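Below: model-v6.cif (mmCIF, C-alpha atoms)
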data_final
loop_
_atom_site.group_PDB
_atom_site.id
_atom_site.type_symbol
_atom_site.label_atom_id
_atom_site.label_comp_id
_atom_site.auth_asym_id
_atom_site.auth_seq_id
_atom_site.Cartn_x
_atom_site.Cartn_y
_atom_site.Cartn_z
ATOM 1 C CA MET A 28 0.000 0.000 0.000
ATOM 2 C CA LEU A 29 1.336 3.453 -0.907
ATOM 3 C CA VAL A 30 0.622 6.308 1.449
ATOM 4 C CA ASP A 31 1.368 9.954 0.806
ATOM 5 C CA ILE A 32 3.201 11.339 3.842
ATOM 6 C CA THR A 33 4.880 14.582 4.800
ATOM 7 C CA PRO A 34 8.556 14.975 5.729
ATOM 8 C CA ASN A 35 7.458 15.365 9.359
ATOM 9 C CA GLU A 36 5.576 12.057 9.197
ATOM 10 C CA ALA A 37 8.584 10.393 7.539
ATOM 11 C CA TYR A 38 10.726 11.540 10.451
ATOM 12 C CA SER A 39 8.192 10.135 12.920
ATOM 13 C CA LEU A 40 8.404 6.745 11.203
ATOM 14 C CA VAL A 41 12.197 6.459 11.353
ATOM 15 C CA LYS A 42 13.248 8.508 14.389
ATOM 16 C CA ASN A 43 13.693 5.470 16.668
ATOM 17 C CA SER A 44 15.575 3.327 14.156
ATOM 18 C CA ASP A 45 19.293 2.687 14.511
ATOM 19 C CA VAL A 46 20.056 4.261 11.125
ATOM 20 C CA ALA A 47 18.476 7.555 12.213
ATOM 21 C CA ARG A 48 20.819 7.847 15.174
ATOM 22 C CA GLY A 49 23.051 10.877 14.721
ATOM 23 C CA TRP A 50 20.794 12.466 12.107
ATOM 24 C CA PRO A 51 19.100 15.687 13.220
ATOM 25 C CA ARG A 52 15.361 15.828 12.629
ATOM 26 C CA TYR A 53 15.569 18.672 10.117
ATOM 27 C CA ALA A 54 18.199 16.804 8.040
ATOM 28 C CA ILE A 55 15.996 13.700 7.805
ATOM 29 C CA GLU A 56 13.057 15.867 6.770
ATOM 30 C CA LYS A 57 15.183 17.702 4.146
ATOM 31 C CA LEU A 58 16.444 14.393 2.752
ATOM 32 C CA PHE A 59 12.931 12.973 2.525
ATOM 33 C CA LYS A 60 11.657 16.151 0.820
ATOM 34 C CA TYR A 61 14.543 16.088 -1.660
ATOM 35 C CA LEU A 62 13.970 12.420 -2.495
ATOM 36 C CA SER A 63 10.227 12.950 -2.772
ATOM 37 C CA ASP A 64 10.618 15.954 -5.071
ATOM 38 C CA ASN A 65 13.118 14.132 -7.293
ATOM 39 C CA SER A 66 11.610 10.650 -7.323
ATOM 40 C CA THR A 67 10.591 9.051 -10.601
ATOM 41 C CA ASN A 68 8.203 6.725 -8.800
ATOM 42 C CA ASN A 69 5.894 6.944 -5.823
ATOM 43 C CA CYS A 70 8.001 4.999 -3.329
ATOM 44 C CA ILE A 71 10.619 6.598 -1.091
ATOM 45 C CA ASP A 72 12.857 4.325 0.974
ATOM 46 C CA ILE A 73 13.778 6.705 3.786
ATOM 47 C CA ILE A 74 15.544 3.971 5.810
ATOM 48 C CA GLY A 75 17.656 3.091 2.772
ATOM 49 C CA ALA A 76 18.335 6.768 2.186
ATOM 50 C CA LEU A 77 19.614 7.237 5.740
ATOM 51 C CA ILE A 78 22.010 4.359 5.114
ATOM 52 C CA ASN A 79 23.095 5.643 1.702
ATOM 53 C CA TRP A 80 23.494 9.347 2.436
ATOM 54 C CA ASN A 81 25.665 11.388 4.807
ATOM 55 C CA HIS A 82 24.744 14.620 6.531
ATOM 56 C CA TYR A 83 27.456 17.238 7.037
ATOM 57 C CA ASP A 84 26.638 20.234 9.141
ATOM 58 C CA SER A 85 29.434 22.413 7.788
ATOM 59 C CA LEU A 86 31.637 23.035 4.804
ATOM 60 C CA LYS A 87 34.602 22.774 7.164
ATOM 61 C CA GLU A 88 33.652 19.155 7.920
ATOM 62 C CA ILE A 89 33.548 18.293 4.211
ATOM 63 C CA LYS A 90 36.907 20.002 3.628
ATOM 64 C CA GLU A 91 38.442 17.977 6.459
ATOM 65 C CA ASN A 92 37.106 14.661 5.119
ATOM 66 C CA TYR A 93 37.591 14.960 1.366
ATOM 67 C CA LYS A 94 40.596 16.015 -0.668
ATOM 68 C CA ASP A 95 38.276 16.773 -3.615
ATOM 69 C CA TRP A 96 35.813 18.679 -1.408
ATOM 70 C CA GLU A 97 34.693 20.959 -4.254
ATOM 71 C CA GLN A 98 33.402 17.956 -6.214
ATOM 72 C CA VAL A 99 31.669 16.629 -3.102
ATOM 73 C CA VAL A 100 29.920 19.975 -2.606
ATOM 74 C CA ASN A 101 28.913 20.072 -6.286
ATOM 75 C CA LYS A 102 27.297 16.620 -6.030
ATOM 76 C CA SER A 103 25.617 17.258 -2.702
ATOM 77 C CA VAL A 104 22.223 18.615 -1.786
ATOM 78 C CA SER A 105 22.627 21.781 0.230
ATOM 79 C CA PHE A 106 20.142 23.528 2.468
ATOM 80 C CA GLU A 107 20.040 26.357 4.969
ATOM 81 C CA ALA A 108 19.782 25.587 8.694
ATOM 82 C CA TRP A 109 19.881 27.716 11.827
ATOM 83 C CA ALA A 110 23.443 28.289 12.965
ATOM 84 C CA GLU A 111 24.629 28.148 16.542
ATOM 85 C CA THR A 112 25.471 31.426 18.217
ATOM 86 C CA ASN A 113 28.901 32.647 17.071
ATOM 87 C CA ASP A 114 29.161 29.959 14.356
ATOM 88 C CA PRO A 115 31.835 31.201 11.941
ATOM 89 C CA GLU A 116 29.921 29.740 8.982
ATOM 90 C CA ALA A 117 26.728 31.661 9.808
ATOM 91 C CA ASN A 118 25.543 34.279 7.375
ATOM 92 C CA THR A 119 24.145 37.651 8.419
ATOM 93 C CA ASN A 120 20.650 36.137 8.781
ATOM 94 C CA GLY A 121 21.809 33.494 11.271
ATOM 95 C CA TYR A 122 21.794 30.534 8.851
ATOM 96 C CA LYS A 123 24.554 28.279 7.581
ATOM 97 C CA THR A 124 24.688 25.861 4.682
ATOM 98 C CA GLU A 125 24.557 22.145 5.449
ATOM 99 C CA TYR A 126 25.000 19.267 3.026
ATOM 100 C CA LEU A 127 23.500 15.881 2.191
ATOM 101 C CA VAL A 128 25.937 13.712 0.233
ATOM 102 C CA PRO A 129 25.156 10.298 -1.310
ATOM 103 C CA TYR A 130 27.610 7.492 -0.345
ATOM 104 C CA GLU A 131 27.306 6.158 -3.890
ATOM 105 C CA TRP A 132 29.047 9.229 -5.248
ATOM 106 C CA ILE A 133 31.671 9.251 -2.504
ATOM 107 C CA LEU A 134 32.521 5.573 -3.038
ATOM 108 C CA SER A 135 32.831 5.990 -6.800
ATOM 109 C CA HIS A 136 35.341 8.820 -6.286
ATOM 110 C CA ALA A 137 37.361 7.410 -3.395
#
Rendering of file as structure tokens:
Amino acid sequence: MLVDITPNEAYSLVKNSDVARGWPRYAIEKLFKYLSDNSTNNCIDIIGALINWNHYDSLKEIKENYKDWEQVVNKSVSFEAWAETNDPEANTNGYKTEYLVPYEWILSHA
């Protein structure tokens, strides 16, 4: 049975699973929304997506992990999130850019 759900409902379904551990709520919701908006069919595997994607909460973190960080950023899904107080990556509106990166791409370029 297919059921149309919101990103908030998707989060509610997976929040207690082991694969969701370490993922902030807003990142899971952004990933689900991205997959839903870009899906060619009606089925989104959010558990599989949490296994096959990484969330990075800063550009600094990507730069530290990947020699070819520019390519990683170009292949990632970016979104704005509230920044912590005094976060050096925060813009003037109090947001910073975070990234969702598919493992598939990372593995093919390792």
Give me, as number ranges by chain, all polymer residues having an atom no more than 10 Å from Asp84 of chain A, counting all atoms listed in the file and skipping those fewer than 3 positions away in the same chain. A: 51, 54, 81, 87-89, 105-108, 110, 123-127
Can you list, as a VMD selection string, every protein, DNA or RNA residue that comes within 12 Å of segment 37-43 of chain A when you count only C-alpha atoms, leaving out same-chain residues fewer than 5 positions away? chain A and resid 30 to 32 48 to 60 62 to 63 71 to 78
Deliver the residues from the most recent selection as a file, using C-alpha atoms, as a PDB file, in the frame of the given file.
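again13.pdb, written as the output of this step:
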ATOM      1  CA  VAL A  30       0.622   6.308   1.449  1.00  0.00           C
ATOM      2  CA  ASP A  31       1.368   9.954   0.806  1.00  0.00           C
ATOM      3  CA  ILE A  32       3.201  11.339   3.842  1.00  0.00           C
ATOM      4  CA  ARG A  48      20.819   7.847  15.174  1.00  0.00           C
ATOM      5  CA  GLY A  49      23.051  10.877  14.721  1.00  0.00           C
ATOM      6  CA  TRP A  50      20.794  12.466  12.107  1.00  0.00           C
ATOM      7  CA  PRO A  51      19.100  15.687  13.220  1.00  0.00           C
ATOM      8  CA  ARG A  52      15.361  15.828  12.629  1.00  0.00           C
ATOM      9  CA  TYR A  53      15.569  18.672  10.117  1.00  0.00           C
ATOM     10  CA  ALA A  54      18.199  16.804   8.040  1.00  0.00           C
ATOM     11  CA  ILE A  55      15.996  13.700   7.805  1.00  0.00           C
ATOM     12  CA  GLU A  56      13.057  15.867   6.770  1.00  0.00           C
ATOM     13  CA  LYS A  57      15.183  17.702   4.146  1.00  0.00           C
ATOM     14  CA  LEU A  58      16.444  14.393   2.752  1.00  0.00           C
ATOM     15  CA  PHE A  59      12.931  12.973   2.525  1.00  0.00           C
ATOM     16  CA  LYS A  60      11.657  16.151   0.820  1.00  0.00           C
ATOM     17  CA  LEU A  62      13.970  12.420  -2.495  1.00  0.00           C
ATOM     18  CA  SER A  63      10.227  12.950  -2.772  1.00  0.00           C
ATOM     19  CA  ILE A  71      10.619   6.598  -1.091  1.00  0.00           C
ATOM     20  CA  ASP A  72      12.857   4.325   0.974  1.00  0.00           C
ATOM     21  CA  ILE A  73      13.778   6.705   3.786  1.00  0.00           C
ATOM     22  CA  ILE A  74      15.544   3.971   5.810  1.00  0.00           C
ATOM     23  CA  GLY A  75      17.656   3.091   2.772  1.00  0.00           C
ATOM     24  CA  ALA A  76      18.335   6.768   2.186  1.00  0.00           C
ATOM     25  CA  LEU A  77      19.614   7.237   5.740  1.00  0.00           C
ATOM     26  CA  ILE A  78      22.010   4.359   5.114  1.00  0.00           C
TER      27      ILE A  78
END
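Atom to atom, atom CA of Trp109 of chain A and atom CA of Ala47 of chain A stand 20.2 Å apart.
Atom CA of Gln98 of chain A is found 22.1 Å from atom CA of Ala117 of chain A.
One finds atom CA of Val128 of chain A at 12.2 Å from atom CA of Glu97 of chain A.
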What are the centre and edge lengths in Å, to one decimal, of the axis-aligned box around all listed atoms of segment 77-94 of chain A with 6 Å added on each side, as JSON?
{"center_x": 30.1, "center_y": 13.7, "center_z": 4.2, "size_x": 33.0, "size_y": 30.7, "size_z": 21.8}
What would segment 36-52 of chain A look like with N, CA and C atoms in place, written as a PDB file, in the coordinates of the input?
ATOM      1  N   GLU A  36       6.052  13.424   8.951  1.00  0.00           N
ATOM      2  CA  GLU A  36       5.576  12.057   9.197  1.00  0.00           C
ATOM      3  C   GLU A  36       6.668  11.042   8.884  1.00  0.00           C
ATOM      4  N   ALA A  37       7.468  11.291   7.859  1.00  0.00           N
ATOM      5  CA  ALA A  37       8.584  10.393   7.539  1.00  0.00           C
ATOM      6  C   ALA A  37       9.557  10.345   8.711  1.00  0.00           C
ATOM      7  N   TYR A  38       9.849  11.500   9.283  1.00  0.00           N
ATOM      8  CA  TYR A  38      10.726  11.540  10.451  1.00  0.00           C
ATOM      9  C   TYR A  38      10.136  10.713  11.595  1.00  0.00           C
ATOM     10  N   SER A  39       8.847  10.869  11.836  1.00  0.00           N
ATOM     11  CA  SER A  39       8.192  10.135  12.920  1.00  0.00           C
ATOM     12  C   SER A  39       8.306   8.629  12.731  1.00  0.00           C
ATOM     13  N   LEU A  40       8.306   8.179  11.486  1.00  0.00           N
ATOM     14  CA  LEU A  40       8.404   6.745  11.203  1.00  0.00           C
ATOM     15  C   LEU A  40       9.796   6.185  11.469  1.00  0.00           C
ATOM     16  N   VAL A  41      10.837   6.993  11.267  1.00  0.00           N
ATOM     17  CA  VAL A  41      12.197   6.459  11.353  1.00  0.00           C
ATOM     18  C   VAL A  41      12.991   6.936  12.560  1.00  0.00           C
ATOM     19  N   LYS A  42      12.462   7.863  13.331  1.00  0.00           N
ATOM     20  CA  LYS A  42      13.248   8.508  14.389  1.00  0.00           C
ATOM     21  C   LYS A  42      13.833   7.541  15.411  1.00  0.00           C
ATOM     22  N   ASN A  43      13.199   6.415  15.674  1.00  0.00           N
ATOM     23  CA  ASN A  43      13.693   5.470  16.668  1.00  0.00           C
ATOM     24  C   ASN A  43      14.541   4.348  16.082  1.00  0.00           C
ATOM     25  N   SER A  44      14.773   4.383  14.778  1.00  0.00           N
ATOM     26  CA  SER A  44      15.575   3.327  14.156  1.00  0.00           C
ATOM     27  C   SER A  44      17.065   3.595  14.369  1.00  0.00           C
ATOM     28  N   ASP A  45      17.853   2.546  14.326  1.00  0.00           N
ATOM     29  CA  ASP A  45      19.293   2.687  14.511  1.00  0.00           C
ATOM     30  C   ASP A  45      19.924   3.563  13.442  1.00  0.00           C
ATOM     31  N   VAL A  46      19.440   3.485  12.206  1.00  0.00           N
ATOM     32  CA  VAL A  46      20.056   4.261  11.125  1.00  0.00           C
ATOM     33  C   VAL A  46      19.786   5.751  11.255  1.00  0.00           C
ATOM     34  N   ALA A  47      18.781   6.131  12.023  1.00  0.00           N
ATOM     35  CA  ALA A  47      18.476   7.555  12.213  1.00  0.00           C
ATOM     36  C   ALA A  47      19.321   8.179  13.313  1.00  0.00           C
ATOM     37  N   ARG A  48      19.989   7.347  14.078  1.00  0.00           N
ATOM     38  CA  ARG A  48      20.819   7.847  15.174  1.00  0.00           C
ATOM     39  C   ARG A  48      21.914   8.753  14.615  1.00  0.00           C
ATOM     40  N   GLY A  49      22.038   9.932  15.176  1.00  0.00           N
ATOM     41  CA  GLY A  49      23.051  10.877  14.721  1.00  0.00           C
ATOM     42  C   GLY A  49      22.537  11.855  13.674  1.00  0.00           C
ATOM     43  N   TRP A  50      21.380  11.556  13.098  1.00  0.00           N
ATOM     44  CA  TRP A  50      20.794  12.466  12.107  1.00  0.00           C
ATOM     45  C   TRP A  50      19.871  13.450  12.841  1.00  0.00           C
ATOM     46  N   PRO A  51      20.060  14.750  12.637  1.00  0.00           N
ATOM     47  CA  PRO A  51      19.100  15.687  13.220  1.00  0.00           C
ATOM     48  C   PRO A  51      17.764  15.607  12.488  1.00  0.00           C
ATOM     49  N   ARG A  52      16.707  15.901  13.196  1.00  0.00           N
ATOM     50  CA  ARG A  52      15.361  15.828  12.629  1.00  0.00           C
ATOM     51  C   ARG A  52      15.253  16.603  11.316  1.00  0.00           C
TER      52      ARG A  52
END
